[in-house]
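Novice: Contents of run29.cif (mmCIF, C-alpha atoms) are below:
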```cif
data_coords
#
loop_
_atom_site.label_atom_id
_atom_site.label_comp_id
_atom_site.auth_asym_id
_atom_site.auth_seq_id
_atom_site.Cartn_x
_atom_site.Cartn_y
_atom_site.Cartn_z
CA MET A 1 12.23 -6.94 -16.14
CA THR A 2 10.66 -5.12 -19.13
CA THR A 3 7.41 -3.17 -19.02
CA THR A 4 5.89 -5.71 -21.46
CA GLU A 5 6.72 -8.58 -19.09
CA ILE A 6 5.19 -6.65 -16.18
CA LEU A 7 2.08 -5.88 -18.25
CA ASN A 8 1.68 -9.61 -19.00
CA LEU A 9 2.01 -10.50 -15.30
CA LEU A 10 -0.82 -8.21 -14.19
CA PRO A 11 -3.49 -10.43 -12.63
CA TYR A 12 -6.48 -8.68 -14.26
CA SER A 13 -8.58 -9.12 -17.38
CA GLN A 14 -11.56 -7.54 -19.11
CA PRO A 15 -13.71 -5.89 -17.89
CA PHE A 16 -11.47 -5.01 -14.96
CA LEU A 17 -8.11 -4.28 -16.55
CA PHE A 18 -7.36 -0.56 -16.56
CA VAL A 19 -3.86 -0.47 -18.04
CA ASP A 20 -3.08 0.11 -21.74
CA GLU A 21 0.54 1.10 -21.65
CA LEU A 22 3.40 1.12 -19.15
CA LEU A 23 5.92 3.82 -19.98
CA GLU A 24 8.31 3.23 -17.09
CA VAL A 25 8.50 0.88 -14.11
CA ASN A 26 11.42 0.82 -11.69
CA GLU A 27 12.09 0.31 -7.98
CA ASN A 28 11.05 3.88 -7.17
CA GLY A 29 7.80 4.19 -9.09
CA ALA A 30 5.92 3.76 -12.36
CA THR A 31 4.18 5.68 -15.13
CA GLY A 32 1.49 4.34 -17.43
CA SER A 33 -1.76 5.22 -19.14
CA TYR A 34 -5.29 4.03 -19.84
CA THR A 35 -8.04 5.29 -22.13
CA PHE A 36 -11.53 4.71 -20.73
CA LYS A 37 -13.59 3.14 -23.48
CA THR A 38 -16.96 4.73 -24.14
CA ASP A 39 -18.69 1.37 -23.47
CA GLU A 40 -17.08 0.49 -20.10
CA PHE A 41 -19.60 -1.55 -18.06
CA PHE A 42 -19.97 0.96 -15.23
CA TYR A 43 -21.04 3.90 -17.41
CA LYS A 44 -24.49 2.36 -17.75
CA GLY A 45 -25.20 2.99 -14.06
CA HIS A 46 -22.80 5.77 -13.01
CA PHE A 47 -24.64 7.98 -13.41
CA LYS A 48 -28.05 7.28 -14.94
CA GLU A 49 -27.90 8.95 -18.38
CA CYS A 50 -24.77 10.90 -17.39
CA PRO A 51 -21.69 8.67 -17.65
CA ILE A 52 -18.75 9.71 -15.45
CA THR A 53 -15.92 7.40 -14.35
CA PRO A 54 -16.51 6.36 -10.70
CA GLY A 55 -13.90 7.34 -8.12
CA VAL A 56 -13.41 3.69 -7.14
CA ILE A 57 -12.50 2.90 -10.75
CA LEU A 58 -10.04 5.80 -10.90
CA THR A 59 -8.51 4.49 -7.67
CA GLU A 60 -8.34 0.97 -9.16
CA ALA A 61 -6.69 2.30 -12.32
CA MET A 62 -4.08 4.13 -10.22
CA ALA A 63 -3.39 0.96 -8.22
CA GLN A 64 -3.11 -1.24 -11.34
CA ILE A 65 -0.95 1.15 -13.37
CA ALA A 66 1.40 2.44 -10.74
CA VAL A 67 1.33 0.37 -7.52
CA ILE A 68 0.90 -3.30 -8.51
CA THR A 69 3.46 -2.81 -11.30
CA VAL A 70 6.04 -1.50 -8.83
CA GLY A 71 5.19 -4.45 -6.56
CA ILE A 72 5.86 -6.87 -9.44
CA PHE A 73 9.14 -5.08 -10.21
CA LEU A 74 10.26 -5.27 -6.56
CA GLY A 75 9.16 -8.91 -6.27
CA GLN A 76 10.64 -10.06 -9.58
CA GLU A 77 13.31 -12.31 -8.07
CA LYS A 78 10.70 -14.17 -6.04
CA ILE A 79 8.40 -14.38 -9.07
CA ALA A 80 11.21 -15.84 -11.18
CA LYS A 81 12.01 -18.39 -8.48
CA THR A 82 8.45 -19.60 -7.92
CA PHE A 83 7.10 -19.06 -11.47
CA SER A 84 4.02 -17.53 -9.89
CA MET A 85 2.62 -14.15 -9.03
CA PRO A 86 2.65 -13.38 -5.31
CA ASP A 87 -0.70 -12.87 -3.61
CA ILE A 88 -1.48 -9.19 -3.53
CA ALA A 89 -3.91 -7.36 -1.31
CA LEU A 90 -4.91 -3.73 -1.17
CA THR A 91 -4.48 -2.47 2.41
CA SER A 92 -5.32 1.23 2.29
CA THR A 93 -6.20 4.11 0.00
CA GLU A 94 -6.35 7.81 0.71
CA ILE A 95 -7.37 9.67 -2.43
CA ASN A 96 -8.54 13.18 -3.25
CA PHE A 97 -10.52 13.76 -6.45
CA HIS A 98 -10.06 17.01 -8.32
CA ALA A 99 -11.75 16.68 -11.72
CA PRO A 100 -14.18 14.33 -13.52
CA VAL A 101 -13.09 11.77 -16.12
CA PHE A 102 -15.57 11.23 -18.96
CA PRO A 103 -15.94 8.25 -21.34
CA GLY A 104 -13.18 8.17 -23.96
CA GLU A 105 -10.67 10.16 -21.88
CA LYS A 106 -7.03 9.11 -21.63
CA VAL A 107 -5.40 9.32 -18.21
CA THR A 108 -1.76 9.04 -17.20
CA VAL A 109 -0.78 7.77 -13.75
CA THR A 110 2.54 8.32 -11.99
CA SER A 111 3.67 6.93 -8.65
CA GLN A 112 6.49 7.58 -6.25
CA LYS A 113 7.39 4.82 -3.78
CA LYS A 114 7.19 5.94 -0.15
CA TYR A 115 8.47 2.66 1.27
CA PHE A 116 8.65 -1.07 0.64
CA ARG A 117 9.23 -2.82 3.96
CA PHE A 118 8.21 -6.20 5.36
CA GLY A 119 6.20 -6.95 2.21
CA LYS A 120 4.17 -3.74 2.36
CA LEU A 121 4.41 -1.29 -0.51
CA SER A 122 3.22 2.29 -0.02
CA CYS A 123 3.12 4.70 -2.99
CA ASP A 124 2.13 8.31 -3.48
CA VAL A 125 0.14 8.40 -6.73
CA LYS A 126 -1.38 10.95 -9.06
CA MET A 127 -3.52 10.76 -12.18
CA MET A 128 -3.49 13.38 -14.93
CA ASN A 129 -5.85 13.88 -17.87
CA SER A 130 -4.73 14.62 -21.44
CA THR A 131 -4.49 18.35 -20.71
CA GLY A 132 -2.05 17.66 -17.87
CA LYS A 133 -4.58 18.57 -15.19
CA ILE A 134 -4.50 16.48 -11.98
CA VAL A 135 -7.63 14.32 -11.80
CA CYS A 136 -6.92 12.59 -8.49
CA SER A 137 -4.01 12.05 -6.13
CA GLY A 138 -3.13 10.43 -2.82
CA ASN A 139 -1.60 7.32 -1.33
CA ILE A 140 -2.20 3.63 -2.04
CA SER A 141 -0.70 0.75 -0.07
CA GLY A 142 -0.75 -2.99 -0.51
CA ILE A 143 0.80 -6.20 0.77
CA LEU A 144 2.71 -8.77 -1.26
CA LYS A 145 2.71 -12.33 0.00
CA SER A 146 4.75 -15.07 -1.58
CA LYS A 147 2.16 -17.83 -1.49
CA LYS A 148 0.19 -18.54 -4.62
CA CYS A 149 -3.48 -17.66 -5.02
CA GLU A 150 -5.36 -20.92 -5.48
CA MET B 151 14.41 5.19 29.76
CA THR B 152 11.99 3.64 32.25
CA ASN B 153 9.43 1.03 31.20
CA GLU B 154 6.67 3.58 31.80
CA GLU B 155 8.35 6.11 29.51
CA LEU B 156 8.82 3.45 26.85
CA ILE B 157 5.18 2.33 27.05
CA GLY B 158 4.16 6.00 26.85
CA LYS B 159 6.13 6.45 23.64
CA LEU B 160 4.67 3.24 22.19
CA LYS B 161 1.17 4.46 23.05
CA THR B 162 1.72 7.63 21.04
CA ILE B 163 3.02 5.57 18.10
CA VAL B 164 0.18 3.02 18.00
CA LYS B 165 -2.64 5.50 18.65
CA PRO B 166 -3.47 6.27 14.98
CA TYR B 167 -3.83 2.56 14.16
CA ILE B 168 -5.75 1.08 17.11
CA LYS B 169 -9.35 -0.10 16.73
CA ASN B 170 -10.04 -0.97 20.39
CA GLU B 171 -10.12 2.11 22.65
CA GLU B 172 -10.64 0.08 25.83
CA ALA B 173 -7.55 -2.08 25.30
CA PHE B 174 -5.60 1.05 24.31
CA LYS B 175 -6.56 2.83 27.55
CA ASN B 176 -5.32 -0.16 29.55
CA MET B 177 -2.29 -0.84 27.36
CA ASN B 178 0.43 -2.66 29.32
CA GLU B 179 3.32 -5.08 28.71
CA GLN B 180 0.91 -7.96 28.06
CA THR B 181 -1.10 -6.10 25.40
CA ASP B 182 -1.06 -7.77 21.97
CA PHE B 183 -1.00 -5.39 19.00
CA LEU B 184 -3.19 -7.49 16.71
CA ASN B 185 -5.53 -9.35 19.10
CA ASP B 186 -6.02 -6.68 21.79
CA LEU B 187 -5.53 -3.35 20.05
CA LYS B 188 -6.97 -4.76 16.77
CA ILE B 189 -4.26 -3.12 14.68
CA ASN B 190 -4.35 -4.77 11.23
CA SER B 191 -1.19 -6.47 10.00
CA ALA B 192 -0.62 -3.86 7.27
CA ASN B 193 -0.69 -1.07 9.85
CA LEU B 194 1.67 -3.04 12.08
CA VAL B 195 4.28 -2.28 9.40
CA ASP B 196 3.56 1.43 9.90
CA VAL B 197 3.89 1.02 13.68
CA ILE B 198 7.31 -0.57 13.19
CA LEU B 199 8.45 2.15 10.76
CA ASP B 200 7.34 4.78 13.31
CA VAL B 201 9.26 2.91 16.05
CA GLU B 202 12.37 3.05 13.83
CA THR B 203 12.00 6.81 13.39
CA GLU B 204 11.19 7.55 17.04
CA PHE B 205 14.12 5.57 18.45
CA ASP B 206 16.49 5.94 15.47
CA ILE B 207 16.96 2.18 15.17
CA THR B 208 16.57 -0.37 12.35
CA ILE B 209 14.23 -3.31 12.80
CA ASP B 210 15.23 -6.37 10.76
CA ASN B 211 12.78 -8.96 9.40
CA GLU B 212 13.44 -11.40 12.22
CA SER B 213 12.71 -8.81 14.93
CA MET B 214 9.68 -7.59 13.00
CA GLU B 215 8.10 -11.04 13.09
CA LYS B 216 8.51 -11.13 16.89
CA MET B 217 7.11 -7.65 17.50
CA LEU B 218 3.54 -8.76 18.13
CA ASN B 219 3.00 -7.40 21.64
CA VAL B 220 4.14 -4.55 23.86
CA LYS B 221 6.61 -6.66 25.84
CA ALA B 222 8.31 -8.01 22.70
CA ALA B 223 8.46 -4.51 21.23
CA MET B 224 10.05 -3.13 24.43
CA ASP B 225 12.65 -5.94 24.47
CA ILE B 226 13.55 -5.35 20.82
CA ILE B 227 13.75 -1.57 21.23
CA ASN B 228 15.95 -1.90 24.36
CA THR B 229 18.22 -4.41 22.59
CA LYS B 230 18.60 -2.20 19.53
CA LEU B 231 19.22 0.89 21.67
CA ALA B 232 21.91 -0.97 23.61
CA GLU B 233 23.61 -1.95 20.34
CA LYS B 234 23.92 1.69 19.26
#
```
Translate the structure described by the file into structure tokens.
Specialist:
Amino acid sequence: MTTTEILNLLPYSQPFLFVDELLEVNENGATGSYTFKTDEFFYKGHFKECPITPGVILTEAMAQIAVITVGIFLGQEKIAKTFSMPDIALTSTEINFHAPVFPGEKVTVTSQKKYFRFGKLSCDVKMMNSTGKIVCSGNISGILKSKKCE
Amino acid sequence: MTNEELIGKLKTIVKPYIKNEEAFKNMNEQTDFLNDLKINSANLVDVILDVETEFDITIDNESMEKMLNVKAAMDIINTKLAEK
């Protein structure tokens, strides 16, 4: 499965898609990037007159770029068989935040699979800014189910 | 290993994931992981991975689906240990 195919299978759209580019996706992890646009919807309120990317959005970007993509890669045979994306659900996050991300910044996310067992995928993830500094890091887990989201 | 020892080991394993202290205190063979201890299904996977590490056994999908209460877990662990 190519990174373009995986990108097209991601179940998100504007204004909640936080993936521009997938550099690598395999059974052990993924790397990709996103540039936060200066007019993202959440900058208007976080914070008042001082836009900084919210931690929940950084967490979401890490999950989209480097956890869901690995889930799609691992579930590709099932996806091909059923012609549908499996249901996905976030089950836990444990993230530390080290530096702020301002409007217009490009971030790169890398993950390392901890395990994929009984439909649960657990990944250690980290996000870096354009200077190579770690912005946030931790663990994100989710469940893949084969039934289709109606 | 006696049943008491086995339950003791299971108690240590499930402790980080339980949401019902009362049921945990009284944990016995009849205790259900999801309904009594209120462990969520995603964390049940972690319980099973910790069981694998603790007893050095491999739990297959079929056994995993049955491992919903203490009694079933004890049976599966004893069976897998006997197969070693």
Novice: Write out as CSV the residues of stretch 27-145 of chain A that have any atom within 12 Å of an atom of stretch 194-203 of chain B, one row each with the nearest atom pair and its distance in Å to one decimal, counting all atoms listed in the file, sorted by chain and then rising number.
Specialist:
```
residue,atom,partner,partner_atom,distance
A:Thr91,CA,B:Val195,CA,11.2
A:Ser92,CA,B:Asp196,CA,11.7
A:Lys114,CA,B:Asp196,CA,11.6
A:Tyr115,CA,B:Leu199,CA,9.5
A:Phe116,CA,B:Val195,CA,9.9
A:Arg117,CA,B:Val195,CA,7.4
A:Phe118,CA,B:Val195,CA,6.9
A:Gly119,CA,B:Val195,CA,8.8
A:Lys120,CA,B:Val195,CA,7.2
A:Leu121,CA,B:Val195,CA,10.0
A:Ser122,CA,B:Asp196,CA,10.0
A:Ser141,CA,B:Asp196,CA,10.9
A:Gly142,CA,B:Val195,CA,11.1
A:Ile143,CA,B:Val195,CA,10.1
```
Novice: Would you mind listing, for every residue of chain B within 8 Å of chain A, the two atoms forming the shortest contact and the distance between them in Å to one decimal, using only C-alpha atoms, sorted by chain and ascending residue number, as a Markdown table?
Specialist:
```
| residue | atom | partner | partner_atom | distance |
| --- | --- | --- | --- | --- |
| B:Ala192 | CA | A:Thr91 | CA | 6.4 |
| B:Val195 | CA | A:Phe118 | CA | 6.9 |
| B:Asn211 | CA | A:Phe118 | CA | 6.7 |
| B:Met214 | CA | A:Phe118 | CA | 7.9 |
```
Novice: Apply the PyMOL selection byres ((chain B and resi 230) around 10) to the structure shown and report the selected residues as a list in words.
Specialist: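 Answer for the PyMOL selection byres ((chain B and resi 230) around 10): Glu202, Phe205, Asp206, Ile207, Thr208, Ile209, Ser213, Met224, Asp225, Ile226, Ile227, Asn228, Thr229, Leu231, Ala232, Glu233 and Lys234 of chain B.
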Novice: Hey, could you pull the box centre and edge lengths for stretch 14-27 of chain A, axis-aligned, 5 Å padding per side, all listed atoms, to one decimal in Å, as lines of an AutoDock Vina configuration file?
Specialist:
```
center_x = -0.8
center_y = -1.9
center_z = -14.9
size_x = 35.8
size_y = 21.4
size_z = 23.8
```
Novice: Evaluate the PyMOL selection byres ((chain A and resi 8) around 12) and record the selected residues as a ChimeraX atom specification, following the chain and residue labels used in the document.
Specialist: /A:1-7,9-13,17,19-22,69,72,85
Novice: List the residues selected by the PyMOL selection byres ((chain A and resi 106-113) around 6) in the file shown, writing them as a list in words.
Specialist: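 Expected selection for the PyMOL selection byres ((chain A and resi 106-113) around 6) here is Asn28, Gly29, Ala30, Thr31, Gly32, Ser33, Tyr34, Thr35, Ala66, Glu105, Lys114, Tyr115, Cys123, Asp124, Val125, Lys126, Met127, Met128, Asn129 and Ser130 of chain A.
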Novice: Just the number, please: distance in Å from atom CA of A:Phe36 to atom CA of A:Gly132, one decimal.
Specialist: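 These two atoms are separated by 16.3 Å.
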Novice: Skip A:Pro15 itself and residues of its chain fewer than 3 positions away, then list as a PyMOL selection string all residues within 9 Å of it, counting only C-alpha atoms.
Specialist: chain A and resi 12+18+40-41
Novice: Go through B:Pro166, B:Leu218, B:Leu160, B:Glu155 and flag the residue nearest B:Asp186, using all atoms listed in the file for the distances.
Specialist: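 Closest candidate: B:Leu218.
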Novice: One decimal, Å: what's the distance from atom CA of A:Ile68 over to atom CA of B:Asp210, could you say?
Specialist: 24.2 Å
Novice: Check the smallest atom-to-atom distance from each of A:Glu60, A:Glu77, A:Asp39, A:Glu27 to A:Thr93 using only C-alpha atoms, then report the winner.
Specialist: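 Between A:Glu60, A:Glu77, A:Asp39, A:Glu27, the residue approaching A:Thr93 most closely is A:Glu60.
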Novice: Looking at all atoms listed in the file, which of A:Ser84, A:Gln14, A:Glu94, A:His46 is the one that sits closest to A:Met62?
Specialist: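 Residue with the minimum atom-to-atom distance to A:Met62: A:Glu94.
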Novice: Interatomic distance between atom CA of B:Val220 and atom CA of A:Leu144?
Specialist: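 If I compute the distance from atom CA of B:Val220 to atom CA of A:Leu144, I get 25.5 Å.
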Novice: With only C-alpha atoms as the counted atoms, please give the residues lying no more than 9 Å from B:Phe174, apart from itself and same-chain residues fewer than 3 positions off, as a list in words.
Specialist: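 In the requested form, the answer reads Lys161, Val164, Lys165, Ile168, Lys169, Asn170, Glu171, Met177, Asn178, Thr181, Asp186 and Leu187 of chain B.
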Novice: Smallest atom-to-atom distance to B:Lys159: which of B:Gln180, B:Lys216, B:Lys188, B:Ala223, using all atoms listed in the file?
Specialist: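 Closest to B:Lys159, using all atoms listed in the file: B:Ala223.
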